[in-house]
Every structure is written in C-alpha cells, then in structure tokens.
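**Q** Take this structure, written in structure tokens, and hold onto it; I'll ask about it next.
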Amino acid sequence: MLGVEEPPAESARPGMMGVAIALGVVVVIVAGLVLMSNREPSEPTQAALDQAEQVRDRANLSIDAPTPSLREPAAPVERRAPGRPLNELVPGFSDLLIVTHIDQSGSQFYQLLWGPGSNAAARIRTLEHAVFDRSGNYFARFEPSVWNGSMLAIGSLSAQASGPAAIGVDGFTWHTNQPRRIAYTAEVEVGRRALFAADVAQRPGNSTLTVTYVADIGGARLAAWSDFGFALEADGELLVLGPDGADLGRGPYEFLGTDHDGALLVTDGGEIKRADPSLSELVEPGWLTQVGGQVVSVTASPYRPLLAVDVQEPGGLVTYLASADDLRRVELGGAASLVWASQGRYLVLSRDESERSILVFYDVDADEAYELEMTDLVDSVFTRTP
C-alpha cells in the first residue's frame with residue numbers, strides 16, 4: 001500500500017516553506033530554489049527517454065509478462081493469545097511491530113508491540129498519526145504550526161520525539177525501498193509548488209535532514225517515490241520523473257504501485273497494466289489473468305521479487321502472492337493493513353472481527369499462518385528491524 005500522506009482538508013497552506021531547528025532536528029536546504037523557474041512538466045526529451053531506459057536496465061527490468069502457474073496452498077492457521085515473546089508466538093519472526101490502534105472512544109494511539117525476547121508491550125501516544133519509513137525507526141507526520149498551516153515534522157522512534165522540517169507542505173511519502181529517505185511537495189511561493197527529496201542522517205544528539213530540490217510540479221500530486229523515480233498525478237494524467245527530476249514519461253493513467261520486479265503498475269481505463277518508466281510500453285501483468293476478482297491494492301516486497309495482491313472476490317477479500325513464475329492464493333480473511341516483515345519471510349496483515357482486530361502472520365517459506373487477538377481495532381501496521 002502506498003504511504004502518501006496529505007494534511008487535513010481544512011488546513012490552510014501558507015505561501016512559503018520554512019526551515020527550522022527544534023527538538024534536535026536540523027534541516028538544511030542544498031539546492032538553489034530561487035534560481036529554478038516555475039515549469040509545468042514538458043514532453044519527455046530524448047535525454048529523458050535515455051534515462052528511462054537506463055533506469056530500466058539498472059533494474060534488469062523486462063516488460064514481458066509471463067503467466068505464472070497458480071497453486072492453492074493449505075496455509076493452516078493457528079490462533080494464539082499474546083503474552084509471550086513475539087518470536088515464540090510466531091516462529092522466526094525477527095522484527096519489532098508498531099501497530100496503530102483505535103480505541104472505543106475513536107481516538108488513535110500507537111502501541112509498540114513486544115519484539116524478540118520480550119513479552120512487554122508499550123503504548124505511546126506521542127507518535128499519533130505518524131508514518132514510518134522503510135527502517136521503522138524514523139517517522140513523519142503533519143502537525144499544526146504557528147503559521148496556521150500544515151507543518152511536516154520528522155523524528156525517530158528511538159528518541160520518541162519529532163521536530164519541524166518544513167511548512168506549507170501538502171503531501172509526503174517515504175521511499176518504498178530505501179530507509180531514511182522522504183519526498184514531499186510544498187508551496188514555496190504563491191501559485192508555485194515544488195517537489196523535494198530529503199535524506200535523514202542520525203547524528204549524536206540529533207537527526208540531520210538534508211533537502212534537495214527536485215522539480216516544480218504545478219498542481220500535480222505526489223503519488224510515490226521508488227527506485228524508478230517519482231510518480232505524480234494531475235487531472236487524470238500520470239507523470240513519471242527520474243531521480244533527478246527529468247521527465248521520463250506521461251500518459252492518461254493512474255499509478256497503482258510497482259510489480260514484483262520493479263515495473264510500474266498503472267490503471268489504463270480501469271485495466272491494470274505493467275509499464276516501464278517512460279510509459280511507452282504497457283502490457284497486462286501475467287498474474288492478472290489468474291486472479292478471479294477486482295484488484296484492491298498491491299504491495300511489493302522490498303526484500304524479495306514478490307508481490308502481495310489484495311483481490312475482492314465474491315466470497316470476500318483474498319490475498320495472492322505473485323512472482324515471475326508462481327502465483328499463490330492465500331485465504332487469510334482479508335487485510336485492513338498489510339506489511340512485509342522479517343526480511344520478507346513474513347507477510348503481516350490485520351482484519352477486523354466485531355470490535356477488535358486479528359493480526360495475521362503468514363510465513364511465506366513454510367506456508368503457515370499464525371493469528372494474534374488484539375483488544376482494539378487496528379488501523380495500520382509498521383515493522384522495525386531491531
């Protein structure tokens with residue numbers, strides 16, 4: 001699932017971007033903003049098309065889509081009650097879980113679940129509405145600002161504190177595969193919006209955020225940041241920018257995610273297609289012909305060439321695991337939130353039962369599943385490598 005966040009609709013957006021130092025967070029701008037002209041994305045140049053080809057070659061990406069063989073494993077499910085170390089309840093599970101709960105009053109709080117070797121669980125409300133990066137240690141969220149606008153704040157789980165990074169921000173997302181890298185869009189002056197990429201580096205006593213200007217983006221909305229570059233959407237059109245902001249491709253599509261091998265997945269008139277970064281080649285994914293329902297979401301594993309596909313079938317929500325030559329149908333009761341964990345061995349998802357949620361841990365290697373009963377409703381799940 002995509003981790004793109006936008007501030008509440010009622011937030012005002014000031015016509016500036018701020019840089020602040022607070023709570024040990026230092027933000028440094030390293031690109032000349034005032035020297036950049038306000039440009040709408042143009043048609044891809046030959047140089048941009050060459051760069052798209054280089055991105056494709058680096059990923060060893062082929063747009064050909066062979067049809068994988070479908071198999072239906074047994075996936076036995078064993079329900080267990082919390083109270084022991086997580087790696088005892090779920091064999092081989094090596095990560096720490098961070099779970100967003102919604103209590104009966106409707107408020108949201110974070111519960112830091114026990115990890116390997118511990119059966120303790122800690123609830124932390126200071127991380128409310130936080131979105132974690134690939135590592136599970138750094139988080140970003142919107143906070144109110146004295147300028148009566150949306151402010152992007154960034155912090156770390158180890159410090160359990162965050163500090164202001166920029167104001168006027170109207171969207172952000174962490175890099176899908178690389179930890180400590182965040183992209184965001186902001187109004188830098190009246191009528192001018194830009195895309196920025198930033199690296200977060202841990203330093204003794206603080207976190208340093210180094211921000212680089214990428215491109216002016218007009219009214220486009222940031223959809224994703226991955227190895228191919230940036231995906232933006234505006235007025236029914238998808239725009240793909242390279243890592244340096246060059247226009248790689250554009251077309252009348254919607255961004256869905258990335259396939260198991262890094263190819264873009266887009267919707268074209270309601271149909272799902274694989275595409276290269278230039279959007280010049282579109283083919284139907286091989287696994288799509290085997291899926292018996294409507295695709296709801298896709299979540300590529302950052303560890304293995306494997307894709308989790310949530311499909312709405314007549315009997316309910318079903319998860320498929322797709323690779324180049326294998327497609328596995330796994331009935332786990334639906335997914336309200338889904339994440340890859342333990343170096344890709346486990347797929348963790350949640351489903352609701354009445355006024356509580358069930359966490360499901362599916363072991364991809366052993367083809368087995370374990371369930372843990374929660375006391376509240378789960379909104380989302382993140383993982384952190386200890």
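By convention in this document, the chains of the structure tokens carry letters A, B, ... by their order, each chain's residues are numbered from 1, and ligands are numbered from 1 in the order they are shown.
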At a cut-off of 12 Å, can you tabulate as CSV every residue of stretch 171-258 of chain A near stretch 307-313 of chain A together with its closest atom pair and the distance in Å to one decimal, using only C-alpha atoms and ordering rows by chain then number?
**A**
residue,atom,partner,partner_atom,distance
A:Leu256,CA,A:Val309,CA,11.2
A:Gly257,CA,A:Leu307,CA,10.2
A:Thr258,CA,A:Leu307,CA,8.5
**Q** Could you pull out the residues in stretch 195-289 of chain A that DSSP calls strand (DSSP E or B) from the backbone, as a PyMOL selection string?
**A** chain A and resi 195-203+206-216+221-226+229-234+237-241+247-251+254-258+264-268+271-275+282-283
**Q** Produce a file of the selected residues containing C-alpha atoms, as a PDB file, in the first residue's frame.
**A**
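Below you can see out13.pdb, which holds the result:
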ATOM      1  CA  LEU A 195       8.881  18.614  -5.170  1.00  0.00           C
ATOM      2  CA  PHE A 196      11.714  17.962  -2.728  1.00  0.00           C
ATOM      3  CA  ALA A 197      13.693  14.855  -1.747  1.00  0.00           C
ATOM      4  CA  ALA A 198      15.461  14.544   1.597  1.00  0.00           C
ATOM      5  CA  ASP A 199      17.876  12.229   3.385  1.00  0.00           C
ATOM      6  CA  VAL A 200      17.690  11.785   7.156  1.00  0.00           C
ATOM      7  CA  ALA A 201      21.026  11.036   8.823  1.00  0.00           C
ATOM      8  CA  GLN A 202      21.377  10.168  12.506  1.00  0.00           C
ATOM      9  CA  ARG A 203      23.919  12.242  14.400  1.00  0.00           C
ATOM     10  CA  ASN A 206      20.027  14.970  16.744  1.00  0.00           C
ATOM     11  CA  SER A 207      18.833  13.973  13.281  1.00  0.00           C
ATOM     12  CA  THR A 208      20.037  15.912  10.248  1.00  0.00           C
ATOM     13  CA  LEU A 209      17.665  16.298   7.303  1.00  0.00           C
ATOM     14  CA  THR A 210      19.300  17.355   4.034  1.00  0.00           C
ATOM     15  CA  VAL A 211      16.763  18.569   1.477  1.00  0.00           C
ATOM     16  CA  THR A 212      17.276  18.770  -2.291  1.00  0.00           C
ATOM     17  CA  TYR A 213      15.013  20.489  -4.797  1.00  0.00           C
ATOM     18  CA  VAL A 214      13.738  18.098  -7.492  1.00  0.00           C
ATOM     19  CA  ALA A 215      11.315  19.990  -9.744  1.00  0.00           C
ATOM     20  CA  ASP A 216       8.468  22.462  -9.966  1.00  0.00           C
ATOM     21  CA  ARG A 221       0.030  15.415  -6.511  1.00  0.00           C
ATOM     22  CA  LEU A 222       2.861  13.161  -5.311  1.00  0.00           C
ATOM     23  CA  ALA A 223       1.828   9.503  -5.608  1.00  0.00           C
ATOM     24  CA  ALA A 224       5.037   7.560  -4.890  1.00  0.00           C
ATOM     25  CA  TRP A 225       8.840   7.583  -4.685  1.00  0.00           C
ATOM     26  CA  SER A 226      10.645   4.396  -5.619  1.00  0.00           C
ATOM     27  CA  GLY A 229      11.964   7.939  -9.532  1.00  0.00           C
ATOM     28  CA  PHE A 230       8.778   9.843  -8.698  1.00  0.00           C
ATOM     29  CA  ALA A 231       5.169   9.265  -9.739  1.00  0.00           C
ATOM     30  CA  LEU A 232       2.841  12.271  -9.768  1.00  0.00           C
ATOM     31  CA  GLU A 233      -0.798  12.632 -10.797  1.00  0.00           C
ATOM     32  CA  ALA A 234      -2.737  15.650 -12.066  1.00  0.00           C
ATOM     33  CA  GLU A 237      -2.614  12.185 -16.097  1.00  0.00           C
ATOM     34  CA  LEU A 238       0.342  10.276 -14.669  1.00  0.00           C
ATOM     35  CA  LEU A 239       3.767  11.918 -14.794  1.00  0.00           C
ATOM     36  CA  VAL A 240       6.955   9.962 -14.096  1.00  0.00           C
ATOM     37  CA  LEU A 241      10.075  11.899 -13.101  1.00  0.00           C
ATOM     38  CA  ASP A 247      10.538  13.997 -17.282  1.00  0.00           C
ATOM     39  CA  LEU A 248      10.623  10.283 -18.134  1.00  0.00           C
ATOM     40  CA  GLY A 249       7.075   9.748 -19.328  1.00  0.00           C
ATOM     41  CA  ARG A 250       3.469  10.814 -19.069  1.00  0.00           C
ATOM     42  CA  GLY A 251       0.085   9.482 -20.063  1.00  0.00           C
ATOM     43  CA  GLU A 254      -3.353   6.239 -12.636  1.00  0.00           C
ATOM     44  CA  PHE A 255      -0.475   4.934 -10.531  1.00  0.00           C
ATOM     45  CA  LEU A 256      -1.235   1.710  -8.659  1.00  0.00           C
ATOM     46  CA  GLY A 257       2.182   0.604  -7.376  1.00  0.00           C
ATOM     47  CA  THR A 258       5.128  -1.475  -8.537  1.00  0.00           C
ATOM     48  CA  LEU A 264       5.309   0.249 -12.702  1.00  0.00           C
ATOM     49  CA  LEU A 265       1.711  -0.885 -12.287  1.00  0.00           C
ATOM     50  CA  VAL A 266      -0.839   1.566 -13.651  1.00  0.00           C
ATOM     51  CA  THR A 267      -4.526   1.552 -14.468  1.00  0.00           C
ATOM     52  CA  ASP A 268      -5.466   2.339 -18.059  1.00  0.00           C
ATOM     53  CA  GLU A 271      -7.426  -2.086 -16.705  1.00  0.00           C
ATOM     54  CA  ILE A 272      -4.184  -2.866 -14.855  1.00  0.00           C
ATOM     55  CA  LYS A 273      -1.002  -2.706 -16.938  1.00  0.00           C
ATOM     56  CA  ARG A 274       2.743  -3.110 -16.422  1.00  0.00           C
ATOM     57  CA  ALA A 275       4.780  -0.178 -17.687  1.00  0.00           C
ATOM     58  CA  LEU A 282       2.256  -1.248 -21.465  1.00  0.00           C
ATOM     59  CA  VAL A 283       1.317  -4.914 -21.144  1.00  0.00           C
TER      60      VAL A 283
END
**Q** A:Arg356, A:Arg84, A:His129, A:Arg79: which is nearest A:Thr100, counting only C-alpha atoms?
**A**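 Answer, going by the shortest atom-to-atom distance: A:His129.
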**Q** Find the residue from A:Phe361, A:Trp174, A:Trp287, A:Phe93 that sits nearest to A:Phe132; use only C-alpha atoms when measuring.
**A**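 Counting only C-alpha atoms, the residue closest to A:Phe132 is A:Trp174.
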**Q** Would you mind reading off the distance between atom CA of A:Glu78 and atom CA of A:Ala324, one decimal, in Å?
**A**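 For atom CA of A:Glu78 relative to atom CA of A:Ala324, the distance reads 29.4 Å.
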**Q** Rounded to one decimal place, report the atom CA of A:Gln294-atom CA of A:Tyr253 distance in Å.
**A**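 We find that atom CA of A:Gln294 and atom CA of A:Tyr253 lie 17.6 Å from each other.
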**Q** Rank A:Val99, A:Val131, A:Glu281, A:Thr185 by their smallest atom-to-atom distance to A:Met374, using only C-alpha atoms, and report the top residue only.
**A**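 Looking only at the distances to A:Met374, the closest residue turns out to be A:Val99.
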**Q** Go ahead and compute the interatomic distance for atom CA of A:Gly218 and atom CA of A:Ala194, in Å to one decimal.
**A**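 Between atom CA of A:Gly218 and atom CA of A:Ala194 the gap is 7.3 Å.
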**Q** For A:Tyr362, which of A:Arg192, A:Val330, A:Phe228, A:Thr385 is the closest residue, counting only C-alpha atoms?
**A**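 Smallest separation from A:Tyr362 among the options: A:Val330.
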**Q** Check the smallest atom-to-atom distance from each of A:Leu332, A:Glu143, A:Val90, A:Asp352 to A:Tyr370 using only C-alpha atoms, then report the winner.
**A**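 Distance minimum relative to A:Tyr370 lands on A:Val90.
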**Q** Under the rule that only C-alpha atoms are counted, which of A:Gly236, A:Glu368, A:Asn177, A:Glu355 is the nearest residue to A:Thr299?
**A** A:Asn177
